[in-house]
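Okay, model-v2.cif is below, mmCIF, C-alpha atoms:
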```cif
data_input
loop_
_atom_site.label_atom_id
_atom_site.label_comp_id
_atom_site.auth_asym_id
_atom_site.auth_seq_id
_atom_site.Cartn_x
_atom_site.Cartn_y
_atom_site.Cartn_z
CA MET W 1 89.48 66.71 108.13
CA THR W 2 92.55 68.83 107.47
CA ALA W 3 94.98 70.06 110.06
CA GLU W 4 94.47 73.56 108.81
CA GLN W 5 90.90 73.32 110.01
CA LEU W 6 91.47 71.44 113.24
CA LEU W 7 94.93 72.60 114.14
CA ALA W 8 95.29 76.06 112.78
CA ALA W 9 92.91 76.56 115.65
CA ASP W 10 95.43 75.20 118.06
CA LEU W 11 97.89 77.98 118.34
CA PRO W 12 97.20 81.25 120.01
CA SER W 13 95.42 84.38 119.09
CA VAL W 14 95.62 87.39 121.31
CA GLY W 15 93.17 89.29 123.42
CA ALA W 16 95.11 90.33 126.51
CA PRO W 17 96.44 93.82 127.32
CA ARG W 18 99.46 94.73 125.17
CA SER W 19 102.12 94.08 127.87
CA GLU W 20 100.66 90.67 128.72
CA GLN W 21 100.17 89.97 125.04
CA SER W 22 103.85 90.67 124.32
CA GLY W 23 104.96 88.30 127.08
CA MET W 24 102.58 85.60 125.86
CA VAL W 25 103.85 85.90 122.29
CA GLU W 26 107.50 85.69 123.37
CA LEU W 27 106.91 82.60 125.52
CA ILE W 28 104.99 80.85 122.77
CA ARG W 29 107.50 81.66 120.05
CA SER W 30 110.54 80.72 122.12
CA SER W 31 109.04 77.39 123.16
CA PHE W 32 107.86 76.68 119.63
CA ALA W 33 111.39 77.35 118.33
CA LEU W 34 112.63 74.51 120.54
CA VAL W 35 110.22 71.94 119.13
CA GLU W 36 110.24 73.12 115.50
CA PRO W 37 113.29 70.96 114.53
CA HIS W 38 111.24 67.89 115.54
CA MET W 39 108.13 68.65 113.52
CA ASP W 40 107.70 65.15 112.06
CA ASP W 41 107.75 63.62 115.53
CA LEU W 42 105.50 66.40 116.80
CA GLY W 43 102.82 65.55 114.24
CA ARG W 44 102.87 61.84 115.03
CA TYR W 45 102.81 62.46 118.78
CA PHE W 46 99.94 64.92 118.54
CA TYR W 47 97.65 62.60 116.60
CA ALA W 48 98.51 59.58 118.73
CA THR W 49 97.61 61.61 121.82
CA LEU W 50 94.41 62.99 120.30
CA PHE W 51 93.14 59.57 119.22
CA GLN W 52 93.91 58.16 122.65
CA ILE W 53 92.13 61.00 124.48
CA ALA W 54 89.16 61.17 122.09
CA PRO W 55 88.92 57.99 119.97
CA GLN W 56 85.76 59.28 118.27
CA THR W 57 87.80 61.95 116.48
CA ARG W 58 89.62 59.28 114.42
CA ASP W 59 86.60 59.02 112.12
CA LEU W 60 87.01 62.68 111.19
CA PHE W 61 90.36 62.01 109.52
CA PRO W 62 91.49 60.10 106.42
CA VAL W 63 92.91 56.59 106.73
CA ASN W 64 96.34 57.69 105.51
CA MET W 65 97.72 60.36 107.84
CA GLU W 66 100.92 61.23 105.94
CA VAL W 67 99.44 64.27 104.18
CA GLN W 68 97.56 65.20 107.33
CA ARG W 69 100.75 65.50 109.36
CA SER W 70 102.43 67.77 106.81
CA ARG W 71 99.38 70.04 106.82
CA LEU W 72 99.53 70.17 110.60
CA LEU W 73 103.07 71.50 110.40
CA ARG W 74 102.14 74.25 107.96
CA ALA W 75 99.18 75.20 110.12
CA LEU W 76 101.33 75.44 113.24
CA VAL W 77 103.96 77.55 111.53
CA HIS W 78 101.38 79.88 109.99
CA VAL W 79 99.54 80.61 113.21
CA VAL W 80 102.79 81.04 115.15
CA GLN W 81 103.84 83.63 112.59
CA MET W 82 100.52 85.46 112.99
CA VAL W 83 100.26 85.26 116.76
CA ASP W 84 100.93 88.98 117.26
CA GLN W 85 98.60 90.04 114.43
CA PRO W 86 95.12 89.67 115.96
CA ASP W 87 93.43 91.80 113.30
CA ASP W 88 94.49 89.22 110.71
CA LEU W 89 94.41 86.08 112.83
CA THR W 90 90.97 86.49 114.40
CA PRO W 91 89.03 86.61 111.08
CA PHE W 92 91.10 83.65 109.90
CA LEU W 93 90.14 81.62 112.98
CA GLU W 94 86.49 82.62 112.68
CA GLN W 95 86.47 81.33 109.10
CA LEU W 96 88.02 78.07 110.28
CA GLY W 97 85.41 77.74 113.02
CA ARG W 98 82.59 78.10 110.49
CA ASP W 99 84.39 75.66 108.19
CA HIS W 100 84.55 73.02 110.96
CA ARG W 101 80.80 72.63 110.82
CA LYS W 102 81.07 70.47 107.71
CA PHE W 103 82.87 67.81 109.76
CA GLY W 104 80.36 67.71 112.59
CA VAL W 105 82.99 69.03 115.00
CA LEU W 106 81.58 69.63 118.48
CA ALA W 107 82.66 72.06 121.17
CA GLN W 108 84.07 69.21 123.30
CA HIS W 109 86.45 68.24 120.50
CA TYR W 110 88.32 71.49 121.12
CA ASP W 111 89.10 70.37 124.67
CA ALA W 112 90.71 67.18 123.37
CA VAL W 113 92.67 69.07 120.72
CA GLY W 114 93.94 71.58 123.29
CA ALA W 115 95.03 68.86 125.70
CA SER W 116 96.78 67.00 122.89
CA LEU W 117 98.54 70.10 121.62
CA LEU W 118 99.80 71.20 125.01
CA GLY W 119 100.88 67.65 125.81
CA THR W 120 102.79 67.47 122.54
CA ILE W 121 104.61 70.79 123.03
CA SER W 122 105.34 69.88 126.65
CA HIS W 123 106.79 66.51 125.69
CA HIS W 124 109.13 67.96 123.07
CA ALA W 125 110.10 71.12 124.97
CA GLY W 126 111.33 69.17 127.98
CA ALA W 127 112.70 71.31 130.80
CA ALA W 128 111.79 74.48 128.90
CA TRP W 129 108.11 73.71 129.56
CA THR W 130 107.82 75.90 132.64
CA PRO W 131 104.60 76.87 134.43
CA GLU W 132 104.81 80.27 132.71
CA VAL W 133 105.06 78.66 129.27
CA GLN W 134 102.17 76.32 130.04
CA LYS W 135 100.04 79.25 131.18
CA ALA W 136 100.80 81.20 127.97
CA TRP W 137 99.85 78.30 125.71
CA SER W 138 96.75 77.43 127.74
CA GLU W 139 95.40 80.96 127.77
CA ALA W 140 96.17 81.54 124.12
CA TYR W 141 94.58 78.28 123.04
CA GLY W 142 91.48 79.17 125.04
CA ILE W 143 91.18 82.42 123.11
CA VAL W 144 91.56 80.57 119.81
CA ALA W 145 89.04 77.86 120.67
CA ASN W 146 86.49 80.37 121.91
CA ALA W 147 86.80 82.41 118.70
CA MET W 148 86.21 79.34 116.56
CA ILE W 149 83.38 77.90 118.65
CA SER W 150 81.56 81.25 118.79
CA ALA W 151 81.84 81.71 115.02
CA ALA W 152 80.55 78.19 114.37
CA GLN W 153 77.60 78.59 116.71
CA ALA W 154 76.64 81.95 115.21
CA GLU W 155 76.65 80.68 111.61
CA ARG W 156 73.21 79.93 110.15
CA GLY W 157 74.14 79.04 106.57
CA PRO W 158 74.74 75.52 105.21
CA ALA W 159 77.70 73.59 106.59
CA SER W 160 78.61 72.47 103.05
CA TRP W 161 77.30 72.34 99.49
CA LEU W 162 77.27 69.71 96.77
CA GLY W 163 78.64 70.24 93.29
CA ARG W 164 78.52 67.98 90.23
CA VAL W 165 81.42 67.87 87.77
CA VAL W 166 80.08 69.02 84.39
CA ASP W 167 83.41 69.47 82.61
CA HIS W 168 86.95 68.09 83.03
CA ARG W 169 89.53 69.45 80.62
CA ARG W 170 93.20 68.45 80.67
CA VAL W 171 95.44 71.42 79.92
CA GLY W 172 98.64 69.38 80.27
CA TRP W 173 99.80 66.13 81.81
CA ASP W 174 99.74 67.70 85.29
CA LEU W 175 96.99 70.33 84.97
CA ALA W 176 93.21 70.22 84.58
CA VAL W 177 90.37 72.73 84.49
CA ILE W 178 87.29 71.43 86.31
CA THR W 179 83.82 72.97 86.13
CA LEU W 180 81.23 72.23 88.82
CA GLN W 181 77.51 72.91 88.91
CA THR W 182 76.59 73.48 92.56
CA SER W 183 73.30 72.66 94.23
CA GLU W 184 72.87 76.39 94.94
CA PRO W 185 75.16 79.43 94.54
CA ILE W 186 77.89 79.51 97.18
CA PRO W 187 78.22 82.94 98.83
CA TYR W 188 81.93 83.48 98.25
CA ARG W 189 83.67 86.69 97.26
CA ALA W 190 85.92 86.86 94.21
CA GLY W 191 89.43 85.86 95.29
CA GLN W 192 88.38 83.60 98.16
CA TYR W 193 89.04 79.87 98.26
CA LEU W 194 86.93 76.82 99.11
CA SER W 195 87.71 73.41 100.57
CA VAL W 196 86.63 70.45 98.46
CA GLU W 197 86.23 66.72 99.06
CA THR W 198 86.15 64.40 96.06
CA PRO W 199 84.83 60.82 95.77
CA GLN W 200 88.33 59.63 94.84
CA ARG W 201 89.80 60.86 98.16
CA PRO W 202 87.14 60.80 100.90
CA ARG W 203 87.97 62.80 104.04
CA LEU W 204 91.00 64.37 102.35
CA TRP W 205 90.08 67.99 101.76
CA ARG W 206 91.95 70.36 99.47
CA TYR W 207 91.69 74.11 99.14
CA LEU W 208 90.89 75.42 95.65
CA SER W 209 90.25 78.96 94.44
CA PRO W 210 87.45 79.49 91.90
CA ALA W 211 88.73 81.03 88.67
CA ASN W 212 85.45 82.93 88.20
CA ALA W 213 83.53 85.53 90.14
CA PRO W 214 80.23 84.32 91.69
CA ARG W 215 77.62 83.46 89.06
CA THR W 216 73.86 83.25 89.39
CA ASP W 217 73.87 79.74 87.90
CA GLY W 218 76.20 78.48 90.65
CA THR W 219 78.93 77.17 88.34
CA LEU W 220 82.53 77.12 89.59
CA GLU W 221 85.71 76.71 87.56
CA PHE W 222 88.81 75.33 89.29
CA HIS W 223 92.39 75.08 88.01
CA VAL W 224 94.16 72.09 89.57
CA ARG W 225 97.81 71.13 89.17
CA ALA W 226 98.99 67.68 90.28
CA VAL W 227 101.79 68.35 92.77
CA ASP W 228 104.39 65.82 93.88
CA GLY W 229 102.96 63.78 96.73
CA GLY W 230 99.59 65.48 96.31
CA TRP W 231 97.04 62.73 96.92
CA VAL W 232 94.05 64.94 96.18
CA SER W 233 95.41 67.07 93.36
CA ARG W 234 96.75 64.06 91.44
CA ALA W 235 93.43 62.25 91.80
CA ILE W 236 91.50 65.31 90.59
CA VAL W 237 93.69 65.81 87.52
CA ALA W 238 93.87 62.16 86.49
CA HIS W 239 90.67 60.57 87.72
CA SER W 240 87.86 63.14 88.06
CA ARG W 241 84.91 62.27 85.84
CA ILE W 242 81.89 64.16 84.59
CA GLY W 243 79.05 63.31 86.96
CA ASP W 244 81.25 63.06 90.07
CA THR W 245 79.78 64.75 93.14
CA TRP W 246 82.07 66.93 95.24
CA ARG W 247 81.40 68.34 98.69
CA ILE W 248 82.36 71.99 99.12
CA GLY W 249 83.06 73.83 102.35
CA PRO W 250 82.38 77.48 103.28
CA PRO W 251 84.39 80.27 101.62
CA MET W 252 87.62 81.39 103.24
CA GLY W 253 90.41 83.88 102.66
CA ARG W 254 90.93 87.61 102.44
CA MET W 255 91.97 88.01 98.80
CA HIS W 256 89.36 90.54 97.82
CA VAL W 257 89.41 94.07 96.45
CA GLU W 258 87.57 96.74 98.37
CA ALA W 259 85.80 99.40 96.33
CA GLY W 260 86.59 103.06 96.67
CA THR W 261 90.07 102.93 98.24
CA GLY W 262 91.45 105.29 95.62
CA ARG W 263 94.58 103.17 95.29
CA ASP W 264 95.87 101.35 92.24
CA LEU W 265 96.27 97.57 92.29
CA LEU W 266 99.26 95.29 91.84
CA MET W 267 98.63 91.55 91.38
CA VAL W 268 101.49 89.05 91.37
CA THR W 269 100.73 85.46 90.44
CA GLY W 270 102.30 82.22 89.35
CA GLY W 271 101.06 78.71 88.56
CA THR W 272 97.43 78.03 89.44
CA GLY W 273 97.51 81.24 91.49
CA MET W 274 96.12 82.64 88.23
CA ALA W 275 92.70 81.26 89.22
CA PRO W 276 91.86 83.71 92.02
CA ILE W 277 93.39 86.54 89.98
CA LYS W 278 91.02 85.74 87.10
CA SER W 279 88.11 85.73 89.55
CA LEU W 280 89.12 89.13 90.90
CA LEU W 281 89.58 90.62 87.43
CA GLU W 282 86.19 89.29 86.31
CA ASP W 283 84.62 90.88 89.36
CA LEU W 284 86.41 94.20 88.78
CA SER W 285 85.26 94.30 85.17
CA THR W 286 81.62 94.41 86.31
CA ARG W 287 82.08 97.38 88.66
CA PRO W 288 81.16 100.95 87.66
CA GLU W 289 84.76 102.07 88.23
CA GLN W 290 88.00 100.07 88.20
CA PRO W 291 91.37 100.92 89.74
CA ARG W 292 94.40 100.97 87.48
CA THR W 293 95.62 97.37 87.75
CA GLN W 294 99.02 95.82 86.94
CA VAL W 295 99.24 92.00 86.83
CA PHE W 296 102.58 90.16 86.74
CA VAL W 297 102.14 86.51 85.69
CA GLY W 298 105.22 84.34 86.18
CA GLY W 299 106.64 80.87 85.60
CA ARG W 300 109.90 79.10 84.94
CA THR W 301 109.15 78.82 81.21
CA TRP W 302 106.52 80.17 78.84
CA ASP W 303 104.62 76.88 79.03
CA ASP W 304 103.99 77.51 82.74
CA LEU W 305 101.88 80.54 81.81
CA TYR W 306 99.11 78.17 80.78
CA ASP W 307 96.26 80.72 80.97
CA PHE W 308 98.11 83.86 79.92
CA PRO W 309 96.22 84.20 76.59
CA SER W 310 92.91 84.68 78.40
CA LEU W 311 94.42 87.34 80.67
CA ARG W 312 95.91 89.10 77.67
CA ARG W 313 92.53 89.12 75.92
CA LEU W 314 90.99 90.61 79.04
CA SER W 315 93.61 93.36 79.05
CA PHE W 316 92.92 94.16 75.38
CA SER W 317 89.27 94.90 76.18
CA ASN W 318 89.88 96.81 79.44
CA THR W 319 92.04 99.94 79.38
CA TRP W 320 92.47 99.88 83.18
CA LEU W 321 94.35 96.56 83.03
CA ASP W 322 97.97 95.75 82.09
CA VAL W 323 99.26 92.16 82.12
CA ILE W 324 103.01 91.48 82.11
CA PRO W 325 104.41 87.96 81.54
CA VAL W 326 107.52 86.91 83.48
CA VAL W 327 109.66 83.81 82.84
CA GLU W 328 112.89 82.62 84.36
CA LYS W 329 113.99 80.90 81.14
CA ASP W 330 113.01 82.26 77.74
CA GLU W 331 114.52 80.27 74.93
CA GLY W 332 111.89 81.19 72.37
CA GLY W 333 112.05 84.98 72.50
CA SER W 334 108.52 85.39 73.84
CA GLY W 335 109.09 88.99 74.84
CA ALA W 336 108.37 88.24 78.49
CA GLU W 337 110.27 89.89 81.32
CA ARG W 338 113.21 87.73 82.46
CA GLY W 339 113.74 86.63 86.06
CA THR W 340 111.73 85.49 89.03
CA LEU W 341 108.55 87.30 89.98
CA ALA W 342 110.33 88.72 93.02
CA ASP W 343 113.13 90.06 90.80
CA VAL W 344 110.90 91.61 88.18
CA VAL W 345 108.26 93.14 90.42
CA THR W 346 110.80 94.87 92.66
CA ARG W 347 112.75 95.99 89.58
CA TYR W 348 109.73 98.18 88.81
CA GLY W 349 109.87 99.86 92.22
CA ALA W 350 108.41 99.63 95.73
CA TRP W 351 104.72 99.95 94.77
CA ALA W 352 104.21 101.80 98.04
CA ASP W 353 101.05 103.54 96.80
CA HIS W 354 99.39 100.30 95.58
CA ASP W 355 97.30 97.59 97.18
CA VAL W 356 99.17 94.34 96.50
CA LEU W 357 97.74 90.83 96.07
CA VAL W 358 100.10 87.83 95.79
CA CYS W 359 98.84 84.38 94.70
CA GLY W 360 100.84 81.23 94.04
CA SER W 361 102.91 78.57 95.73
CA PRO W 362 104.06 79.16 99.32
CA ALA W 363 107.68 79.44 98.12
CA MET W 364 106.78 82.08 95.53
CA ILE W 365 104.69 84.02 98.03
CA ARG W 366 107.48 84.00 100.63
CA ALA W 367 110.13 85.12 98.12
CA THR W 368 107.99 87.84 96.57
CA VAL W 369 106.64 89.29 99.81
CA SER W 370 110.10 89.28 101.41
CA ARG W 371 111.67 91.12 98.48
CA MET W 372 108.85 93.64 98.32
CA LEU W 373 109.19 94.45 102.01
CA VAL W 374 112.92 95.04 101.54
CA ALA W 375 112.13 97.23 98.51
CA GLY W 376 109.84 99.38 100.65
CA THR W 377 106.33 98.04 100.11
CA PRO W 378 104.31 98.60 103.32
CA LEU W 379 103.35 95.31 104.96
CA ASP W 380 99.77 96.43 105.54
CA ARG W 381 99.28 96.88 101.77
CA ILE W 382 100.15 93.24 100.94
CA ARG W 383 97.58 90.42 100.99
CA TYR W 384 98.05 86.72 100.45
CA ASP W 385 96.43 83.53 101.64
CA PRO W 386 97.95 80.38 103.13
CA PHE W 387 96.95 76.75 102.63
CA THR W 388 96.15 76.63 98.95
CA MET W 389 97.96 73.45 97.97
CA ASP W 390 98.23 69.77 98.98
#
```
Here is a file; write its structure as structure tokens.
Amino acid sequence: MTAEQLLAADLPSVGAPRSEQSGMVELIRSSFALVEPHMDDLGRYFYATLFQIAPQTRDLFPVNMEVQRSRLLRALVHVVQMVDQPDDLTPFLEQLGRDHRKFGVLAQHYDAVGASLLGTISHHAGAAWTPEVQKAWSEAYGIVANAMISAAQAERGPASWLGRVVDHRRVGWDLAVITLQTSEPIPYRAGQYLSVETPQRPRLWRYLSPANAPRTDGTLEFHVRAVDGGWVSRAIVAHSRIGDTWRIGPPMGRMHVEAGTGRDLLMVTGGTGMAPIKSLLEDLSTRPEQPRTQVFVGGRTWDDLYDFPSLRRLSFSNTWLDVIPVVEKDEGGSGAERGTLADVVTRYGAWADHDVLVCGSPAMIRATVSRMLVAGTPLDRIRYDPFTMD
């Protein structure tokens, strides 16, 4: 069970009147800022407390907790950053609540998680843990837990699906393209991501984005890069075999393209972030009308643009699509734009009249979104998803 699923539920959403909401957010953020420098200790303390309060939850987690703790930290940071954005945070929490069903998580587990979280923040905040701070965290966590529990109880679809590996193709020493045949079509939207559990790493779930739009035959194509310290990604790339059975969780994420907005599209992607972009482009190509779409595909070198030829072919057959390669180092004269994605995209302007989708590593997303905001891109036009890597 990943911390994104269990613990992204552990920081606050918002549902109070605006004045109370503002005070709650400030108390939570200020107290979190005090404990943030001690995140490694925070993760260890939280899990030790949780397993003491509710020993039965230990079976929900992998034997090795090193990766789990790092995911906890990312989950905490993400939800803290979104705490004053209920329109974005609430759907995210509802998706997590539905996703929890695959673990057999029960409503009473949320009580143990809440007690562990508040105990952990209290322990590390010291004298700053005032009654007002405790009240803010308690009320906010209650809102979060209720949102997740309600979503889980209302869901009637399967808690998970099974998929069999039917193809495993190495693209490079650290990259593989995996094709699964699922037991039945999974009801995801193009651009969303799914959690997967492999036989090589039981109880260690990883988020992967299908590189294809939904198909009637239920097949899914995933692009997986082995990242440093990535227990799951390295096992998938090096050790997945045809015939392996994967377990797949419910779809998540908000990387989709609404029809009929009247706005052009900008897509910015790097690394295996090309997978959800390919899914979105495949979906767009089947629609009666397509928005004018610009795609910037970036990497440090030309070799990092491993799937650029397929995107280029797609652009040749669709007049509504332009694909622009971007590399930081170009020793071979490829004709690509030079610089980082953040540099090149903002060099073209603010894109204020476009809907913007950004897919890639957390570092690339942070750099690109930050530069675009400075350049004048409206925040409400930019979409990206967290938690897509080990």
request  = Counting only C-alpha atoms, figure out which residue out of W:Ala259, W:Val356, W:Leu117, W:Leu281 gets nearest to Leu379 (chain W).
outcome  =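 Of all the options, W:Val356 lies closest to Leu379 (chain W).
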For Ala152 (chain W), please output as a tab-separated table (two decimals) with C-alpha atoms, in the coordinates of the input all residues within 8 Å (counting only C-alpha atoms; exclusion window: fewer than 3 positions along the same chain).
```tsv
chain	number	residue	atom	x	y	z
W	94	GLU	CA	86.49	82.62	112.68
W	97	GLY	CA	85.41	77.74	113.02
W	98	ARG	CA	82.59	78.10	110.49
W	99	ASP	CA	84.39	75.66	108.19
W	100	HIS	CA	84.55	73.02	110.96
W	101	ARG	CA	80.80	72.63	110.82
W	148	MET	CA	86.21	79.34	116.56
W	149	ILE	CA	83.38	77.90	118.65
W	155	GLU	CA	76.65	80.68	111.61
```
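Residue membership of the PyMOL selection byres ((chain W and resi 210) around 9) in the shown file amounts to Ala190, Gly191, Gln192, Tyr193, Leu194, Leu208, Ser209, Ala211, Asn212, Ala213, Pro214, Leu220, Glu221, Phe222, His223, Ala275, Pro276, Lys278 and Ser279 of chain W.
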File dump, residues just selected, C-alpha atoms, as a PDB file, keeping the file's coordinate frame:
```pdb
ATOM      1  CA  ALA W 190      85.920  86.860  94.210  1.00  0.00           C
ATOM      2  CA  GLY W 191      89.430  85.860  95.290  1.00  0.00           C
ATOM      3  CA  GLN W 192      88.380  83.600  98.160  1.00  0.00           C
ATOM      4  CA  TYR W 193      89.040  79.870  98.260  1.00  0.00           C
ATOM      5  CA  LEU W 194      86.930  76.820  99.110  1.00  0.00           C
ATOM      6  CA  LEU W 208      90.890  75.420  95.650  1.00  0.00           C
ATOM      7  CA  SER W 209      90.250  78.960  94.440  1.00  0.00           C
ATOM      8  CA  ALA W 211      88.730  81.030  88.670  1.00  0.00           C
ATOM      9  CA  ASN W 212      85.450  82.930  88.200  1.00  0.00           C
ATOM     10  CA  ALA W 213      83.530  85.530  90.140  1.00  0.00           C
ATOM     11  CA  PRO W 214      80.230  84.320  91.690  1.00  0.00           C
ATOM     12  CA  LEU W 220      82.530  77.120  89.590  1.00  0.00           C
ATOM     13  CA  GLU W 221      85.710  76.710  87.560  1.00  0.00           C
ATOM     14  CA  PHE W 222      88.810  75.330  89.290  1.00  0.00           C
ATOM     15  CA  HIS W 223      92.390  75.080  88.010  1.00  0.00           C
ATOM     16  CA  ALA W 275      92.700  81.260  89.220  1.00  0.00           C
ATOM     17  CA  PRO W 276      91.860  83.710  92.020  1.00  0.00           C
ATOM     18  CA  LYS W 278      91.020  85.740  87.100  1.00  0.00           C
ATOM     19  CA  SER W 279      88.110  85.730  89.550  1.00  0.00           C
TER      20      SER W 279
END
```
query = Any chance you could work out the residue set of the PyMOL selection byres ((chain W and resi 200) around 9) here, as a list in words?
reply = Glu197, Thr198, Pro199, Arg201, Pro202, Val232, Ala235, Ile236, His239 and Ser240 of chain W
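Distances to Ala128 (chain W) were evaluated for W:Ile28, W:Gly298, W:Leu357, W:Leu93 using all atoms listed in the file, and the minimum falls at W:Ile28.
Nearest residue to Asp343 (chain W) among W:Val171, W:Met364, W:Ala136, W:Val257 is W:Met364, counting all atoms listed in the file.
Restricting the calculation to all atoms listed in the file, the smallest distance between Arg247 (chain W) and any of W:Gln290, W:Ser315, W:Thr216, W:Ser160 is found for W:Ser160.
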key: Output of the PyMOL selection byres ((chain W and resi 307) around 12), listed as a ChimeraX atom specification   = /W:171-172,175-177,211,223,269-275,277-278,297-299,302-306,308-314,323,325
Atoms kept (C-alpha atoms) for selection, written as a PDB file, in the coordinates of the input:
```pdb
ATOM      1  CA  VAL W 171      95.440  71.420  79.920  1.00  0.00           C
ATOM      2  CA  GLY W 172      98.640  69.380  80.270  1.00  0.00           C
ATOM      3  CA  LEU W 175      96.990  70.330  84.970  1.00  0.00           C
ATOM      4  CA  ALA W 176      93.210  70.220  84.580  1.00  0.00           C
ATOM      5  CA  VAL W 177      90.370  72.730  84.490  1.00  0.00           C
ATOM      6  CA  ALA W 211      88.730  81.030  88.670  1.00  0.00           C
ATOM      7  CA  HIS W 223      92.390  75.080  88.010  1.00  0.00           C
ATOM      8  CA  THR W 269     100.730  85.460  90.440  1.00  0.00           C
ATOM      9  CA  GLY W 270     102.300  82.220  89.350  1.00  0.00           C
ATOM     10  CA  GLY W 271     101.060  78.710  88.560  1.00  0.00           C
ATOM     11  CA  THR W 272      97.430  78.030  89.440  1.00  0.00           C
ATOM     12  CA  GLY W 273      97.510  81.240  91.490  1.00  0.00           C
ATOM     13  CA  MET W 274      96.120  82.640  88.230  1.00  0.00           C
ATOM     14  CA  ALA W 275      92.700  81.260  89.220  1.00  0.00           C
ATOM     15  CA  ILE W 277      93.390  86.540  89.980  1.00  0.00           C
ATOM     16  CA  LYS W 278      91.020  85.740  87.100  1.00  0.00           C
ATOM     17  CA  VAL W 297     102.140  86.510  85.690  1.00  0.00           C
ATOM     18  CA  GLY W 298     105.220  84.340  86.180  1.00  0.00           C
ATOM     19  CA  GLY W 299     106.640  80.870  85.600  1.00  0.00           C
ATOM     20  CA  TRP W 302     106.520  80.170  78.840  1.00  0.00           C
ATOM     21  CA  ASP W 303     104.620  76.880  79.030  1.00  0.00           C
ATOM     22  CA  ASP W 304     103.990  77.510  82.740  1.00  0.00           C
ATOM     23  CA  LEU W 305     101.880  80.540  81.810  1.00  0.00           C
ATOM     24  CA  TYR W 306      99.110  78.170  80.780  1.00  0.00           C
ATOM     25  CA  PHE W 308      98.110  83.860  79.920  1.00  0.00           C
ATOM     26  CA  PRO W 309      96.220  84.200  76.590  1.00  0.00           C
ATOM     27  CA  SER W 310      92.910  84.680  78.400  1.00  0.00           C
ATOM     28  CA  LEU W 311      94.420  87.340  80.670  1.00  0.00           C
ATOM     29  CA  ARG W 312      95.910  89.100  77.670  1.00  0.00           C
ATOM     30  CA  ARG W 313      92.530  89.120  75.920  1.00  0.00           C
ATOM     31  CA  LEU W 314      90.990  90.610  79.040  1.00  0.00           C
ATOM     32  CA  VAL W 323      99.260  92.160  82.120  1.00  0.00           C
ATOM     33  CA  PRO W 325     104.410  87.960  81.540  1.00  0.00           C
TER      34      PRO W 325
END
```
Nearby residues, (106.7, 100.8, 99.8) file frame, 6 Å, only C-alpha atoms, as a VMD selection string = chain W and resid 350 to 352 376 to 378
key: Length of the CA of Arg300 (chain W) to CA of Ser285 (chain W) vector [Å]   =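 CA of Arg300 (chain W) sits 29.0 Å away from CA of Ser285 (chain W).
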I'd like the contact shell of Leu266 (chain W) - 8 Å cut-off, all atoms listed in the file, skipping same-chain residues fewer than 2 positions apart - returned as a PDB file with C-alpha atoms, in the coordinates of the input.
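Saved as result02.pdb:
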```pdb
ATOM      1  CA  ASP W 264      95.870 101.350  92.240  1.00  0.00           C
ATOM      2  CA  VAL W 268     101.490  89.050  91.370  1.00  0.00           C
ATOM      3  CA  THR W 293      95.620  97.370  87.750  1.00  0.00           C
ATOM      4  CA  GLN W 294      99.020  95.820  86.940  1.00  0.00           C
ATOM      5  CA  VAL W 295      99.240  92.000  86.830  1.00  0.00           C
ATOM      6  CA  PHE W 296     102.580  90.160  86.740  1.00  0.00           C
ATOM      7  CA  TRP W 351     104.720  99.950  94.770  1.00  0.00           C
ATOM      8  CA  HIS W 354      99.390 100.300  95.580  1.00  0.00           C
ATOM      9  CA  ASP W 355      97.300  97.590  97.180  1.00  0.00           C
ATOM     10  CA  VAL W 356      99.170  94.340  96.500  1.00  0.00           C
ATOM     11  CA  LEU W 357      97.740  90.830  96.070  1.00  0.00           C
TER      12      LEU W 357
END
```
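One finds CA of Ser334 (chain W) at 21.6 Å from CA of Ser317 (chain W).
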query = What is the CA of Ile248 (chain W) to CA of Arg58 (chain W) distance in Å?
reply =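 Taking CA of Ile248 (chain W) as the start and CA of Arg58 (chain W) as the end point, the length is 21.2 Å.
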ask   = In terms of the shortest atom-to-atom distance over only C-alpha atoms, which of W:Gln95, W:Gln108, W:Gln85, W:Ser361 is closest to Arg225 (chain W)?
value =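 Answer, going by the shortest atom-to-atom distance: W:Ser361.
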remark   = Of W:Ser183, W:Gln52, W:Ser30, W:Ser370, the one nearest to Val133 (chain W) when counting all atoms listed in the file is W:Ser30
Nearby residues (all atoms listed in the file) at most 7 Å from Leu341 (chain W), same-chain spacing under 2 positions excluded, as a ChimeraX atom specification = /W:298,326,339,343-345,368
For the contact check between region 225-255 of chain W and region 166-170 of chain W, emit one row per residue of region 225-255 of chain W within 7 Å, containing the shortest atom pair and the distance in Å rounded to one decimal, counting only C-alpha atoms, chain then rising number order, as JSON lines.
```
{"residue": "W:Arg241", "atom": "CA", "partner": "W:His168", "partner_atom": "CA", "distance": 6.8}
{"residue": "W:Ile242", "atom": "CA", "partner": "W:Val166", "partner_atom": "CA", "distance": 5.2}
{"residue": "W:Gly243", "atom": "CA", "partner": "W:Val166", "partner_atom": "CA", "distance": 6.3}
```
